[in-house]
file final.cif (mmCIF, C-alpha atoms)
data_final
#
loop_
_atom_site.group_PDB
_atom_site.id
_atom_site.type_symbol
_atom_site.label_atom_id
_atom_site.label_comp_id
_atom_site.auth_asym_id
_atom_site.auth_seq_id
_atom_site.Cartn_x
_atom_site.Cartn_y
_atom_site.Cartn_z
ATOM 1 C CA MET A 1 33.049 31.512 -5.121
ATOM 2 C CA LYS A 2 33.345 28.579 -7.562
ATOM 3 C CA LEU A 3 37.093 29.222 -7.891
ATOM 4 C CA ILE A 4 37.500 29.092 -4.118
ATOM 5 C CA VAL A 5 35.587 25.814 -3.864
ATOM 6 C CA THR A 6 37.631 24.289 -6.691
ATOM 7 C CA PHE A 7 40.858 25.387 -5.030
ATOM 8 C CA LEU A 8 39.800 23.867 -1.714
ATOM 9 C CA LEU A 9 38.893 20.568 -3.384
ATOM 10 C CA LEU A 10 42.231 20.461 -5.181
ATOM 11 C CA THR A 11 44.084 21.010 -1.912
ATOM 12 C CA MET A 12 42.116 18.159 -0.339
ATOM 13 C CA LEU A 13 42.937 15.564 -3.005
ATOM 14 C CA PRO A 14 44.066 12.215 -1.606
ATOM 15 C CA ASN A 15 47.626 11.067 -2.129
ATOM 16 C CA SER A 16 46.385 7.586 -2.926
ATOM 17 C CA PHE A 17 43.226 7.983 -4.976
ATOM 18 C CA GLN A 18 42.663 4.227 -5.015
ATOM 19 C CA ASP A 19 41.940 4.126 -1.275
ATOM 20 C CA GLU A 20 38.785 2.331 -0.290
ATOM 21 C CA ILE A 21 35.641 3.798 1.263
ATOM 22 C CA SER A 22 33.619 1.350 3.344
ATOM 23 C CA LEU A 23 29.880 1.839 3.774
ATOM 24 C CA THR A 24 28.353 0.398 6.942
ATOM 25 C CA PHE A 25 24.832 0.156 8.286
ATOM 26 C CA GLU A 26 24.103 -0.671 11.907
ATOM 27 C CA GLY A 27 27.761 -1.536 12.302
ATOM 28 C CA LYS A 28 27.939 -4.004 9.399
ATOM 29 C CA GLU A 29 29.582 -3.340 6.042
ATOM 30 C CA ILE A 30 27.065 -3.347 3.208
ATOM 31 C CA ASN A 31 29.289 -2.008 0.433
ATOM 32 C CA SER A 32 32.810 -0.898 -0.354
ATOM 33 C CA LEU A 33 34.065 1.221 -3.212
ATOM 34 C CA GLN A 34 37.191 2.747 -4.698
ATOM 35 C CA ARG A 35 37.381 6.487 -5.123
ATOM 36 C CA SER A 36 38.669 6.053 -8.661
ATOM 37 C CA GLY A 37 35.440 4.341 -9.648
ATOM 38 C CA PHE A 38 33.446 7.496 -8.994
ATOM 39 C CA GLY A 39 35.686 10.106 -10.601
ATOM 40 C CA LEU A 40 34.409 11.898 -13.681
ATOM 41 C CA SER A 41 36.761 11.368 -16.618
ATOM 42 C CA PRO A 42 39.112 13.101 -17.347
ATOM 43 C CA PHE A 43 38.871 14.850 -13.959
ATOM 44 C CA GLU A 44 38.824 11.710 -11.823
ATOM 45 C CA GLU A 45 40.564 13.338 -8.900
ATOM 46 C CA THR A 46 38.557 16.548 -8.798
ATOM 47 C CA MET A 47 35.004 15.729 -9.836
ATOM 48 C CA ILE A 48 32.475 13.008 -8.992
ATOM 49 C CA ASP A 49 30.517 11.255 -11.713
ATOM 50 C CA GLU A 50 26.950 12.214 -10.784
ATOM 51 C CA GLY A 51 25.406 9.307 -12.687
ATOM 52 C CA LYS A 52 27.467 6.730 -10.790
ATOM 53 C CA TYR A 53 26.747 8.530 -7.536
ATOM 54 C CA GLN A 54 22.968 8.332 -8.157
ATOM 55 C CA GLN A 55 23.267 4.613 -8.896
ATOM 56 C CA LEU A 56 25.067 4.206 -5.565
ATOM 57 C CA LEU A 57 22.278 6.073 -3.764
ATOM 58 C CA ASN A 58 19.627 3.830 -5.289
ATOM 59 C CA THR A 59 21.552 0.699 -4.296
ATOM 60 C CA ILE A 60 21.981 1.896 -0.724
ATOM 61 C CA GLU A 61 18.332 2.928 -0.490
ATOM 62 C CA GLN A 62 17.208 -0.575 -1.421
ATOM 63 C CA LYS A 63 19.465 -2.095 1.240
ATOM 64 C CA VAL A 64 18.492 0.166 4.160
ATOM 65 C CA PHE A 65 14.846 0.997 3.414
ATOM 66 C CA GLU A 66 12.289 -0.368 5.848
ATOM 67 C CA LYS A 67 8.602 0.343 5.354
ATOM 68 C CA PRO A 68 6.652 1.552 8.397
ATOM 69 C CA VAL A 69 3.868 -0.674 9.681
ATOM 70 C CA ASP A 70 0.542 0.827 10.744
ATOM 71 C CA ALA A 71 -1.100 -0.123 13.999
ATOM 72 C CA SER A 72 -3.774 -2.758 13.450
ATOM 73 C CA ILE A 73 -6.377 -4.915 15.133
ATOM 74 C CA ASP A 74 -5.931 -8.677 14.964
ATOM 75 C CA ASN A 75 -8.631 -11.318 14.557
ATOM 76 C CA TYR A 76 -9.144 -11.431 18.321
ATOM 77 C CA GLY A 77 -9.705 -7.686 18.657
ATOM 78 C CA ARG A 78 -6.280 -7.020 20.151
ATOM 79 C CA LEU A 79 -4.478 -3.792 19.263
ATOM 80 C CA ILE A 80 -1.141 -4.386 17.531
ATOM 81 C CA SER A 81 1.276 -1.477 17.911
ATOM 82 C CA GLU A 82 2.714 0.381 14.953
ATOM 83 C CA LYS A 83 6.351 0.163 13.867
ATOM 84 C CA ASN A 84 8.454 3.015 12.523
ATOM 85 C CA GLY A 85 10.321 2.582 9.269
ATOM 86 C CA HIS A 86 13.393 4.339 7.901
ATOM 87 C CA ARG A 87 15.064 5.376 4.671
ATOM 88 C CA LEU A 88 18.368 6.799 3.530
ATOM 89 C CA ASN A 89 18.995 10.397 4.599
ATOM 90 C CA ARG A 90 20.287 11.548 1.232
ATOM 91 C CA LYS A 91 21.346 15.010 2.367
ATOM 92 C CA LYS A 92 23.512 13.778 5.242
ATOM 93 C CA PHE A 93 24.946 10.945 3.157
ATOM 94 C CA LYS A 94 25.989 13.372 0.424
ATOM 95 C CA GLU A 95 27.816 15.518 2.970
ATOM 96 C CA GLU A 96 29.581 12.438 4.371
ATOM 97 C CA PHE A 97 30.408 10.998 0.967
ATOM 98 C CA TYR A 98 31.830 14.192 -0.519
ATOM 99 C CA THR A 99 33.891 14.887 2.602
ATOM 100 C CA ASN A 100 35.401 11.395 2.583
ATOM 101 C CA PHE A 101 35.855 11.278 -1.196
ATOM 102 C CA PHE A 102 38.131 14.308 -1.140
ATOM 103 C CA SER A 103 40.072 13.136 1.923
ATOM 104 C CA GLU A 104 43.178 11.004 2.260
ATOM 105 C CA GLY A 105 43.409 7.381 3.268
ATOM 106 C CA THR A 106 40.772 4.741 3.802
ATOM 107 C CA ALA A 107 37.435 5.860 5.184
ATOM 108 C CA SER A 108 34.262 4.407 6.633
ATOM 109 C CA ILE A 109 30.806 5.939 6.377
ATOM 110 C CA GLU A 110 27.937 4.829 8.597
ATOM 111 C CA ILE A 111 24.810 5.162 6.455
ATOM 112 C CA PRO A 112 22.617 7.948 7.889
ATOM 113 C CA ILE A 113 18.878 7.254 7.952
ATOM 114 C CA GLU A 114 15.726 9.201 8.689
ATOM 115 C CA THR A 115 12.621 7.850 10.382
ATOM 116 C CA ILE A 116 9.411 7.190 8.446
ATOM 117 C CA TYR A 117 6.425 7.336 10.750
ATOM 118 C CA PRO A 118 3.369 5.148 10.099
ATOM 119 C CA LYS A 119 0.128 6.706 8.957
ATOM 120 C CA VAL A 120 -1.881 5.068 11.736
ATOM 121 C CA ASP A 121 -0.580 4.750 15.303
ATOM 122 C CA SER A 122 -2.075 2.933 18.289
ATOM 123 C CA GLU A 123 -3.509 6.065 19.852
ATOM 124 C CA LEU A 124 -5.447 6.988 16.714
ATOM 125 C CA LEU A 125 -6.671 3.450 16.130
ATOM 126 C CA ALA A 126 -7.849 3.112 19.733
ATOM 127 C CA SER A 127 -9.905 6.297 19.368
ATOM 128 C CA ILE A 128 -11.742 5.211 16.194
ATOM 129 C CA ARG A 129 -12.421 1.543 16.940
ATOM 130 C CA THR A 130 -15.148 2.245 19.489
ATOM 131 C CA LYS A 131 -18.190 3.320 17.500
ATOM 132 C CA ARG A 132 -19.778 1.165 14.797
ATOM 133 C CA ILE A 133 -21.028 3.458 12.040
ATOM 134 C CA SER A 134 -22.340 0.899 9.582
ATOM 135 C CA GLN A 135 -22.151 -2.736 8.509
ATOM 136 C CA TYR A 136 -22.900 -4.757 5.402
ATOM 137 C CA VAL A 137 -22.891 -8.519 4.864
ATOM 138 C CA THR A 138 -22.937 -10.493 1.621
ATOM 139 C CA TYR A 139 -22.921 -14.254 1.078
ATOM 140 C CA PHE A 140 -20.988 -16.608 -1.175
ATOM 141 C CA ASN A 141 -20.451 -20.310 -1.709
ATOM 142 C CA SER A 142 -17.417 -21.207 0.413
ATOM 143 C CA GLY A 143 -17.213 -24.482 -1.501
ATOM 144 C CA ASN A 144 -15.898 -22.582 -4.513
ATOM 145 C CA LYS A 145 -12.290 -22.619 -3.322
ATOM 146 C CA GLN A 146 -10.750 -20.362 -5.969
ATOM 147 C CA ARG A 147 -13.338 -17.625 -5.660
ATOM 148 C CA SER A 148 -13.395 -17.888 -1.851
ATOM 149 C CA HIS A 149 -9.606 -17.598 -1.765
ATOM 150 C CA ASN A 150 -9.696 -14.394 -3.827
ATOM 151 C CA ILE A 151 -12.389 -12.912 -1.594
ATOM 152 C CA HIS A 152 -10.222 -13.673 1.445
ATOM 153 C CA LEU A 153 -7.191 -11.930 -0.092
ATOM 154 C CA ALA A 154 -9.068 -8.785 -1.105
ATOM 155 C CA SER A 155 -10.847 -8.669 2.255
ATOM 156 C CA GLU A 156 -7.496 -8.777 4.057
ATOM 157 C CA ALA A 157 -6.146 -6.023 1.799
ATOM 158 C CA ILE A 158 -8.787 -3.510 2.925
ATOM 159 C CA ASN A 159 -9.000 -4.715 6.532
ATOM 160 C CA ASN A 160 -7.751 -2.156 9.108
ATOM 161 C CA TYR A 161 -7.512 0.552 6.458
ATOM 162 C CA VAL A 162 -8.108 4.053 7.843
ATOM 163 C CA VAL A 163 -9.620 6.733 5.607
ATOM 164 C CA PHE A 164 -8.827 10.189 6.956
ATOM 165 C CA PRO A 165 -11.137 13.230 6.659
ATOM 166 C CA ASN A 166 -11.260 14.538 3.076
ATOM 167 C CA GLU A 167 -9.180 11.562 1.891
ATOM 168 C CA THR A 168 -10.285 9.650 -1.199
ATOM 169 C CA PHE A 169 -10.179 5.863 -0.988
ATOM 170 C CA SER A 170 -9.393 3.928 -4.180
ATOM 171 C CA PHE A 171 -10.151 0.205 -4.175
ATOM 172 C CA ASN A 172 -7.644 -0.520 -6.918
ATOM 173 C CA ALA A 173 -4.901 1.494 -5.209
ATOM 174 C CA VAL A 174 -5.428 -0.167 -1.825
ATOM 175 C CA VAL A 175 -5.932 -3.756 -2.996
ATOM 176 C CA GLY A 176 -3.386 -3.511 -5.793
ATOM 177 C CA LYS A 177 -3.095 -5.497 -8.985
ATOM 178 C CA ARG A 178 -4.699 -8.910 -8.768
ATOM 179 C CA THR A 179 -2.024 -11.276 -10.050
ATOM 180 C CA ALA A 180 -1.008 -14.894 -9.613
ATOM 181 C CA GLU A 181 2.253 -13.662 -8.070
ATOM 182 C CA LYS A 182 0.247 -12.055 -5.259
ATOM 183 C CA GLY A 183 -1.654 -15.273 -4.663
ATOM 184 C CA TYR A 184 -4.849 -14.631 -6.625
ATOM 185 C CA LEU A 185 -6.347 -17.614 -8.396
ATOM 186 C CA PRO A 186 -8.337 -17.972 -11.620
ATOM 187 C CA ALA A 187 -12.026 -18.492 -10.926
ATOM 188 C CA PRO A 188 -13.399 -20.776 -13.673
ATOM 189 C CA VAL A 189 -16.780 -20.901 -11.905
ATOM 190 C CA ILE A 190 -18.492 -17.559 -11.699
ATOM 191 C CA VAL A 191 -21.610 -16.199 -10.049
ATOM 192 C CA LYS A 192 -24.440 -16.434 -12.579
ATOM 193 C CA GLY A 193 -24.598 -13.241 -14.589
ATOM 194 C CA GLU A 194 -21.274 -11.787 -13.388
ATOM 195 C CA LEU A 195 -18.492 -11.025 -15.815
ATOM 196 C CA SER A 196 -15.377 -12.767 -14.438
ATOM 197 C CA GLU A 197 -12.036 -10.987 -14.188
ATOM 198 C CA GLY A 198 -10.169 -14.260 -14.738
ATOM 199 C CA VAL A 199 -7.330 -14.290 -12.212
ATOM 200 C CA GLY A 200 -8.847 -12.570 -9.207
ATOM 201 C CA GLY A 201 -12.430 -13.528 -9.969
ATOM 202 C CA GLY A 202 -14.681 -12.762 -6.999
ATOM 203 C CA ILE A 203 -13.016 -9.453 -6.154
ATOM 204 C CA CYS A 204 -16.108 -7.517 -7.209
ATOM 205 C CA GLN A 205 -18.052 -9.013 -4.313
ATOM 206 C CA VAL A 206 -15.591 -7.339 -1.929
ATOM 207 C CA SER A 207 -15.813 -3.959 -3.663
ATOM 208 C CA SER A 208 -19.607 -4.223 -3.811
ATOM 209 C CA THR A 209 -19.882 -5.094 -0.119
ATOM 210 C CA LEU A 210 -17.586 -2.193 0.739
ATOM 211 C CA PHE A 211 -19.667 0.164 -1.402
ATOM 212 C CA ASN A 212 -22.818 -0.643 0.517
ATOM 213 C CA ALA A 213 -21.074 -0.411 3.882
ATOM 214 C CA VAL A 214 -19.552 3.020 3.269
ATOM 215 C CA ASP A 215 -22.661 4.285 1.499
ATOM 216 C CA ARG A 216 -24.585 3.574 4.703
ATOM 217 C CA ALA A 217 -21.903 5.566 6.533
ATOM 218 C CA GLY A 218 -22.695 8.674 4.510
ATOM 219 C CA VAL A 219 -19.490 9.048 2.510
ATOM 220 C CA LYS A 220 -19.341 10.764 -0.872
ATOM 221 C CA ILE A 221 -19.211 8.202 -3.684
ATOM 222 C CA ILE A 222 -16.790 9.445 -6.334
ATOM 223 C CA GLU A 223 -16.581 6.566 -8.809
ATOM 224 C CA ARG A 224 -18.743 3.464 -9.070
ATOM 225 C CA TYR A 225 -19.837 1.299 -11.977
ATOM 226 C CA SER A 226 -22.347 -1.537 -12.147
ATOM 227 C CA HIS A 227 -21.761 -4.783 -13.992
ATOM 228 C CA SER A 228 -23.264 -5.124 -17.432
ATOM 229 C CA ARG A 229 -25.437 -7.910 -16.019
ATOM 230 C CA LYS A 230 -27.256 -8.347 -12.723
ATOM 231 C CA VAL A 231 -25.240 -9.951 -9.910
ATOM 232 C CA PRO A 232 -27.006 -12.017 -7.227
ATOM 233 C CA TYR A 233 -24.957 -11.166 -4.113
ATOM 234 C CA VAL A 234 -26.301 -7.593 -3.791
ATOM 235 C CA PRO A 235 -29.630 -5.955 -4.718
ATOM 236 C CA PRO A 236 -30.041 -4.488 -8.224
ATOM 237 C CA ASN A 237 -27.787 -1.504 -8.908
ATOM 238 C CA ARG A 238 -26.000 -1.938 -5.565
ATOM 239 C CA ASP A 239 -22.819 -3.472 -7.016
ATOM 240 C CA ALA A 240 -19.428 -1.906 -7.717
ATOM 241 C CA THR A 241 -17.439 -3.606 -10.445
ATOM 242 C CA VAL A 242 -13.659 -3.182 -10.427
ATOM 243 C CA SER A 243 -10.854 -4.170 -12.752
ATOM 244 C CA TRP A 244 -7.175 -3.272 -12.662
ATOM 245 C CA TYR A 245 -7.190 -1.939 -16.203
ATOM 246 C CA GLY A 246 -10.766 -0.712 -16.066
ATOM 247 C CA PRO A 247 -13.281 0.587 -13.531
ATOM 248 C CA ASP A 248 -12.379 1.521 -9.968
ATOM 249 C CA PHE A 249 -14.471 2.125 -6.875
ATOM 250 C CA THR A 250 -13.596 5.335 -5.036
ATOM 251 C CA PHE A 251 -15.199 7.377 -2.281
ATOM 252 C CA LYS A 252 -14.326 10.398 -0.157
ATOM 253 C CA ASN A 253 -14.586 10.631 3.611
ATOM 254 C CA ARG A 254 -16.471 13.881 4.060
ATOM 255 C CA HIS A 255 -16.738 13.504 7.843
ATOM 256 C CA ASN A 256 -14.496 15.298 10.331
ATOM 257 C CA GLN A 257 -13.226 12.036 11.840
ATOM 258 C CA PRO A 258 -11.282 9.118 10.319
ATOM 259 C CA LEU A 259 -13.154 5.973 9.270
ATOM 260 C CA LEU A 260 -11.820 2.506 10.059
ATOM 261 C CA ILE A 261 -12.635 -0.356 7.684
ATOM 262 C CA ARG A 262 -12.856 -3.794 9.280
ATOM 263 C CA SER A 263 -13.361 -6.643 6.837
ATOM 264 C CA LYS A 264 -13.518 -10.355 7.595
ATOM 265 C CA VAL A 265 -14.720 -13.609 6.123
ATOM 266 C CA ILE A 266 -16.609 -16.118 8.256
ATOM 267 C CA GLY A 267 -17.612 -19.244 6.406
ATOM 268 C CA GLY A 268 -19.636 -18.053 3.426
ATOM 269 C CA GLN A 269 -20.138 -14.529 4.770
ATOM 270 C CA LEU A 270 -18.187 -11.404 3.890
ATOM 271 C CA ILE A 271 -18.669 -8.861 6.677
ATOM 272 C CA ILE A 272 -17.501 -5.259 6.388
ATOM 273 C CA VAL A 273 -17.941 -2.908 9.351
ATOM 274 C CA ILE A 274 -17.129 0.802 9.431
ATOM 275 C CA TYR A 275 -15.982 2.315 12.722
ATOM 276 C CA SER A 276 -15.123 5.821 13.856
ATOM 277 C CA SER A 277 -14.805 8.064 16.891
ATOM 278 C CA ASP A 278 -17.495 8.388 19.573
ATOM 279 C CA THR A 279 -17.663 12.079 18.702
ATOM 280 C CA LEU A 280 -18.848 11.435 15.155
ATOM 281 C CA ASN A 281 -22.568 11.822 14.571
ATOM 282 C CA ILE A 282 -23.887 10.984 11.123
ATOM 283 C CA GLU A 283 -27.210 10.475 9.465
ATOM 284 C CA LYS A 284 -27.101 6.986 8.015
ATOM 285 C CA ARG A 285 -28.386 6.279 4.540
ATOM 286 C CA GLU A 286 -31.004 3.631 3.938
ATOM 287 C CA VAL A 287 -29.369 0.809 2.003
ATOM 288 C CA PRO A 288 -31.162 -2.454 1.139
ATOM 289 C CA SER A 289 -29.673 -5.593 2.652
ATOM 290 C CA ALA A 290 -28.046 -8.296 0.561
ATOM 291 C CA PRO A 291 -29.940 -11.489 -0.317
ATOM 292 C CA GLY A 292 -29.516 -14.058 2.436
ATOM 293 C CA LYS A 293 -29.685 -16.993 0.030
ATOM 294 C CA LEU A 294 -26.481 -18.363 -1.430
ATOM 295 C CA PRO A 295 -26.143 -17.382 -5.094
ATOM 296 C CA LYS A 296 -26.393 -20.140 -7.681
ATOM 297 C CA GLU A 297 -23.133 -20.741 -9.492
ATOM 298 C CA VAL A 298 -22.655 -21.899 -13.046
ATOM 299 C CA ASN A 299 -19.760 -22.553 -15.308
ATOM 300 C CA LYS A 300 -19.444 -19.505 -17.550
ATOM 301 C CA ASN A 301 -19.492 -21.767 -20.612
ATOM 302 C CA ASP A 302 -22.649 -23.536 -19.452
ATOM 303 C CA LYS A 303 -25.540 -21.791 -21.239
ATOM 304 C CA ASN A 304 -28.125 -23.976 -19.522
ATOM 305 C CA GLY A 305 -27.228 -22.679 -16.086
ATOM 306 C CA ASN A 306 -26.615 -26.094 -14.553
ATOM 307 C CA GLN A 307 -25.392 -25.917 -10.976
ATOM 308 C CA GLN A 308 -21.810 -27.019 -10.300
#
call {"tool": "encode", "arguments": {"input": "final.cif", "output": "structure tokens"}}
result
Amino acid sequence: MKLIVTFLLLTMLPNSFQDEISLTFEGKEINSLQRSGFGLSPFEETMIDEGKYQQLLNTIEQKVFEKPVDASIDNYGRLISEKNGHRLNRKKFKEEFYTNFFSEGTASIEIPIETIYPKVDSELLASIRTKRISQYVTYFNSGNKQRSHNIHLASEAINNYVVFPNETFSFNAVVGKRTAEKGYLPAPVIVKGELSEGVGGGICQVSSTLFNAVDRAGVKIIERYSHSRKVPYVPPNRDATVSWYGPDFTFKNRHNQPLLIRSKVIGGQLIIVIYSSDTLNIEKREVPSAPGKLPKEVNKNDKNGNQQ
């Protein structure tokens, strides 16, 4: 069989091996190449260099890839439709590339793509936005601009996230690494008693608020750690410290319906609400409410605890 394939390839060799192959996407050229640049030495006209071919695939993938966008709910409660994404169809492209490589004359290949469907569509989101399962509110000093900014960013990162049945939610995986490049700021003023994370300080208030909200909703807590010192924005032992290179907060949705996380900041309040389908009936856990008084803030180098 291999001899037959080799013979067929040899009979299909182009007369002018330098002929160009144009790669187009949605009718526009995104790359062009010479056949000779992909031949495997010393068999340039009969074999393709697999390493160069893989590099070409990676380059094309970067140019044509479009991430799908989940359906979401905006700040006014309006449903925003999902958007399909797409990626390179590697199988079809390989067929096209090999056929044209061993053909004569110039050639043009329209990049084949395959659809990537979003995880959450409008129909699903509409069905799980109706029933409020639980809610938790914590308070912070909105005058602390750096810390408030970080809380806003982390709150937006988990907002509209849907946790499917038997799925495990990871705070670190969903929010991602807290870096200056992503907009997180250093928080030189910290909540009294809290160990600051530096860039991204204040994130633990978001994870702690989420912990209490989902705990009320009856999920299974997989991983949670308390700070080494008491924090004032939640009751004792009701916090969930997180760090990119350290602890994470994770939980599993053990219900038979998806859970929708809605998170927003209003003034000095962080509000997280958990929604689901009307068909879901759960027995809520008793969780103590957060202190309603704004926590006192101190500079972490100020041992006397003077207010900023």
call {"tool": "residues_around", "arguments": {"input": "final.cif", "residues": "region 53-60 of chain A", "least_positions_apart": "3", "cutoff": "12 Å", "atoms": "only C-alpha atoms", "output": "VMD selection string"}}
result
chain A and resid 23 to 25 29 to 33 35 37 to 40 47 to 50 63 to 66 87 to 94 97 to 98 101 110 to 113
call {"tool": "residues_around", "arguments": {"input": "final.cif", "residues": "Gly143 (chain A)", "least_positions_apart": "4", "cutoff": "10 Å", "atoms": "all atoms listed in the file", "output": "PDB file with C-alpha atoms, in the coordinates of the input"}}
result
ATOM      1  CA  ARG A 147     -13.338 -17.625  -5.660  1.00  0.00           C
ATOM      2  CA  SER A 148     -13.395 -17.888  -1.851  1.00  0.00           C
ATOM      3  CA  GLY A 267     -17.612 -19.244   6.406  1.00  0.00           C
ATOM      4  CA  GLY A 268     -19.636 -18.053   3.426  1.00  0.00           C
TER       5      GLY A 268
END
call {"tool": "closest_atom_pairs", "arguments": {"input": "final.cif", "of": "region 63-170 of chain A", "to": "region 274-294 of chain A", "cutoff": "12 Å", "atoms": "only C-alpha atoms", "output": "Markdown table"}}
result
| residue | atom | partner | partner_atom | distance |
| --- | --- | --- | --- | --- |
| A:Glu123 | CA | A:Ser277 | CA | 11.8 |
| A:Leu124 | CA | A:Ser277 | CA | 9.4 |
| A:Leu125 | CA | A:Ser276 | CA | 9.1 |
| A:Ala126 | CA | A:Ser277 | CA | 9.0 |
| A:Ser127 | CA | A:Ser277 | CA | 5.8 |
| A:Ile128 | CA | A:Ser276 | CA | 4.2 |
| A:Arg129 | CA | A:Tyr275 | CA | 5.6 |
| A:Thr130 | CA | A:Ser277 | CA | 6.4 |
| A:Lys131 | CA | A:Tyr275 | CA | 5.4 |
| A:Arg132 | CA | A:Tyr275 | CA | 4.5 |
| A:Ile133 | CA | A:Tyr275 | CA | 5.2 |
| A:Ser134 | CA | A:Ile274 | CA | 5.2 |
| A:Gln135 | CA | A:Ile274 | CA | 6.2 |
| A:Tyr136 | CA | A:Ser289 | CA | 7.4 |
| A:Val137 | CA | A:Ala290 | CA | 6.7 |
| A:Thr138 | CA | A:Ala290 | CA | 5.7 |
| A:Tyr139 | CA | A:Leu294 | CA | 6.0 |
| A:Phe140 | CA | A:Leu294 | CA | 5.8 |
| A:Asn141 | CA | A:Leu294 | CA | 6.3 |
| A:Ser142 | CA | A:Leu294 | CA | 9.7 |
| A:Gly143 | CA | A:Leu294 | CA | 11.1 |
| A:Asn144 | CA | A:Leu294 | CA | 11.8 |
| A:Ile158 | CA | A:Ile274 | CA | 11.4 |
| A:Asn159 | CA | A:Ile274 | CA | 10.2 |
| A:Asn160 | CA | A:Ile274 | CA | 9.8 |
| A:Tyr161 | CA | A:Ile274 | CA | 10.1 |
| A:Val162 | CA | A:Ser276 | CA | 9.4 |
| A:Val163 | CA | A:Ser276 | CA | 10.0 |
| A:Phe164 | CA | A:Ser276 | CA | 10.3 |
| A:Pro165 | CA | A:Ser276 | CA | 11.1 |
call {"tool": "residues_around", "arguments": {"input": "final.cif", "residues": "region 251-254 of chain A", "least_positions_apart": "5", "cutoff": "6 Å", "atoms": "all atoms listed in the file", "output": "list in words"}}
result
Pro165, Asn166, Glu167, Thr168, Phe169, Val219, Lys220, Ile221 and Ile222 of chain A
call {"tool": "resolve_selection", "arguments": {"input": "final.cif", "expression": "the PyMOL selection byres ((chain A and resi 107) around 10)", "output": "PyMOL selection string"}}
result
chain A and resi 19-23+32+97+100-101+103-106+108-109
call {"tool": "residues_near_point", "arguments": {"input": "final.cif", "point": "(-4.4, -14.0, -5.1)", "cutoff": "9 Å", "atoms": "all atoms listed in the file", "output": "list in words"}}
result
His149, Asn150, Ile151, His152, Leu153, Ala154, Arg178, Thr179, Ala180, Glu181, Lys182, Gly183, Tyr184, Leu185, Pro186, Val199 and Gly200 of chain A
call {"tool": "resolve_selection", "arguments": {"input": "final.cif", "expression": "the PyMOL selection byres ((chain A and resi 67) around 10)", "output": "ChimeraX atom specification"}}
result
/A:64-66,68-70,83-87,115-118
call {"tool": "resolve_selection", "arguments": {"input": "final.cif", "expression": "the PyMOL selection byres ((chain A and resi 75) around 12)", "output": "MDAnalysis selection string"}}
result
chainID A and resid 72:74 76:80 156 159:160 262:266
call {"tool": "write_last_selection", "arguments": {"input": "final.cif", "atoms": "C-alpha atoms", "output": "short mmCIF file (atom, residue, chain, number, x, y, z; two decimals), in the coordinates of the input"}}
result
data_model
loop_
_atom_site.label_atom_id
_atom_site.label_comp_id
_atom_site.auth_asym_id
_atom_site.auth_seq_id
_atom_site.Cartn_x
_atom_site.Cartn_y
_atom_site.Cartn_z
CA SER A 72 -3.77 -2.76 13.45
CA ILE A 73 -6.38 -4.92 15.13
CA ASP A 74 -5.93 -8.68 14.96
CA TYR A 76 -9.14 -11.43 18.32
CA GLY A 77 -9.70 -7.69 18.66
CA ARG A 78 -6.28 -7.02 20.15
CA LEU A 79 -4.48 -3.79 19.26
CA ILE A 80 -1.14 -4.39 17.53
CA GLU A 156 -7.50 -8.78 4.06
CA ASN A 159 -9.00 -4.72 6.53
CA ASN A 160 -7.75 -2.16 9.11
CA ARG A 262 -12.86 -3.79 9.28
CA SER A 263 -13.36 -6.64 6.84
CA LYS A 264 -13.52 -10.36 7.60
CA VAL A 265 -14.72 -13.61 6.12
CA ILE A 266 -16.61 -16.12 8.26
#
call {"tool": "atom_distance", "arguments": {"input": "final.cif", "atom1": "CA of Ser170 (chain A)", "atom2": "CA of Pro247 (chain A)"}}
result
10.7 Å
call {"tool": "atom_distance", "arguments": {"input": "final.cif", "atom1": "CA of Tyr225 (chain A)", "atom2": "CA of Thr241 (chain A)"}}
result
5.7 Å
call {"tool": "atom_distance", "arguments": {"input": "final.cif", "atom1": "CA of Ser207 (chain A)", "atom2": "CA of Pro258 (chain A)"}}
result
19.7 Å
call {"tool": "residues_near_point", "arguments": {"input": "final.cif", "point": "(-29.2, -5.4, -9.3)", "cutoff": "12 Å", "atoms": "only C-alpha atoms", "output": "ChimeraX atom specification"}}
result
/A:193-194,208,225-241,288-291
call {"tool": "write_last_selection", "arguments": {"input": "final.cif", "atoms": "C-alpha atoms", "output": "mmCIF file, in the coordinates of the input"}}
result
data_model
loop_
_atom_site.group_PDB
_atom_site.id
_atom_site.type_symbol
_atom_site.label_atom_id
_atom_site.label_comp_id
_atom_site.auth_asym_id
_atom_site.auth_seq_id
_atom_site.Cartn_x
_atom_site.Cartn_y
_atom_site.Cartn_z
ATOM 1 C CA GLY A 193 -24.598 -13.241 -14.589
ATOM 2 C CA GLU A 194 -21.274 -11.787 -13.388
ATOM 3 C CA SER A 208 -19.607 -4.223 -3.811
ATOM 4 C CA TYR A 225 -19.837 1.299 -11.977
ATOM 5 C CA SER A 226 -22.347 -1.537 -12.147
ATOM 6 C CA HIS A 227 -21.761 -4.783 -13.992
ATOM 7 C CA SER A 228 -23.264 -5.124 -17.432
ATOM 8 C CA ARG A 229 -25.437 -7.910 -16.019
ATOM 9 C CA LYS A 230 -27.256 -8.347 -12.723
ATOM 10 C CA VAL A 231 -25.240 -9.951 -9.910
ATOM 11 C CA PRO A 232 -27.006 -12.017 -7.227
ATOM 12 C CA TYR A 233 -24.957 -11.166 -4.113
ATOM 13 C CA VAL A 234 -26.301 -7.593 -3.791
ATOM 14 C CA PRO A 235 -29.630 -5.955 -4.718
ATOM 15 C CA PRO A 236 -30.041 -4.488 -8.224
ATOM 16 C CA ASN A 237 -27.787 -1.504 -8.908
ATOM 17 C CA ARG A 238 -26.000 -1.938 -5.565
ATOM 18 C CA ASP A 239 -22.819 -3.472 -7.016
ATOM 19 C CA ALA A 240 -19.428 -1.906 -7.717
ATOM 20 C CA THR A 241 -17.439 -3.606 -10.445
ATOM 21 C CA PRO A 288 -31.162 -2.454 1.139
ATOM 22 C CA SER A 289 -29.673 -5.593 2.652
ATOM 23 C CA ALA A 290 -28.046 -8.296 0.561
ATOM 24 C CA PRO A 291 -29.940 -11.489 -0.317
#
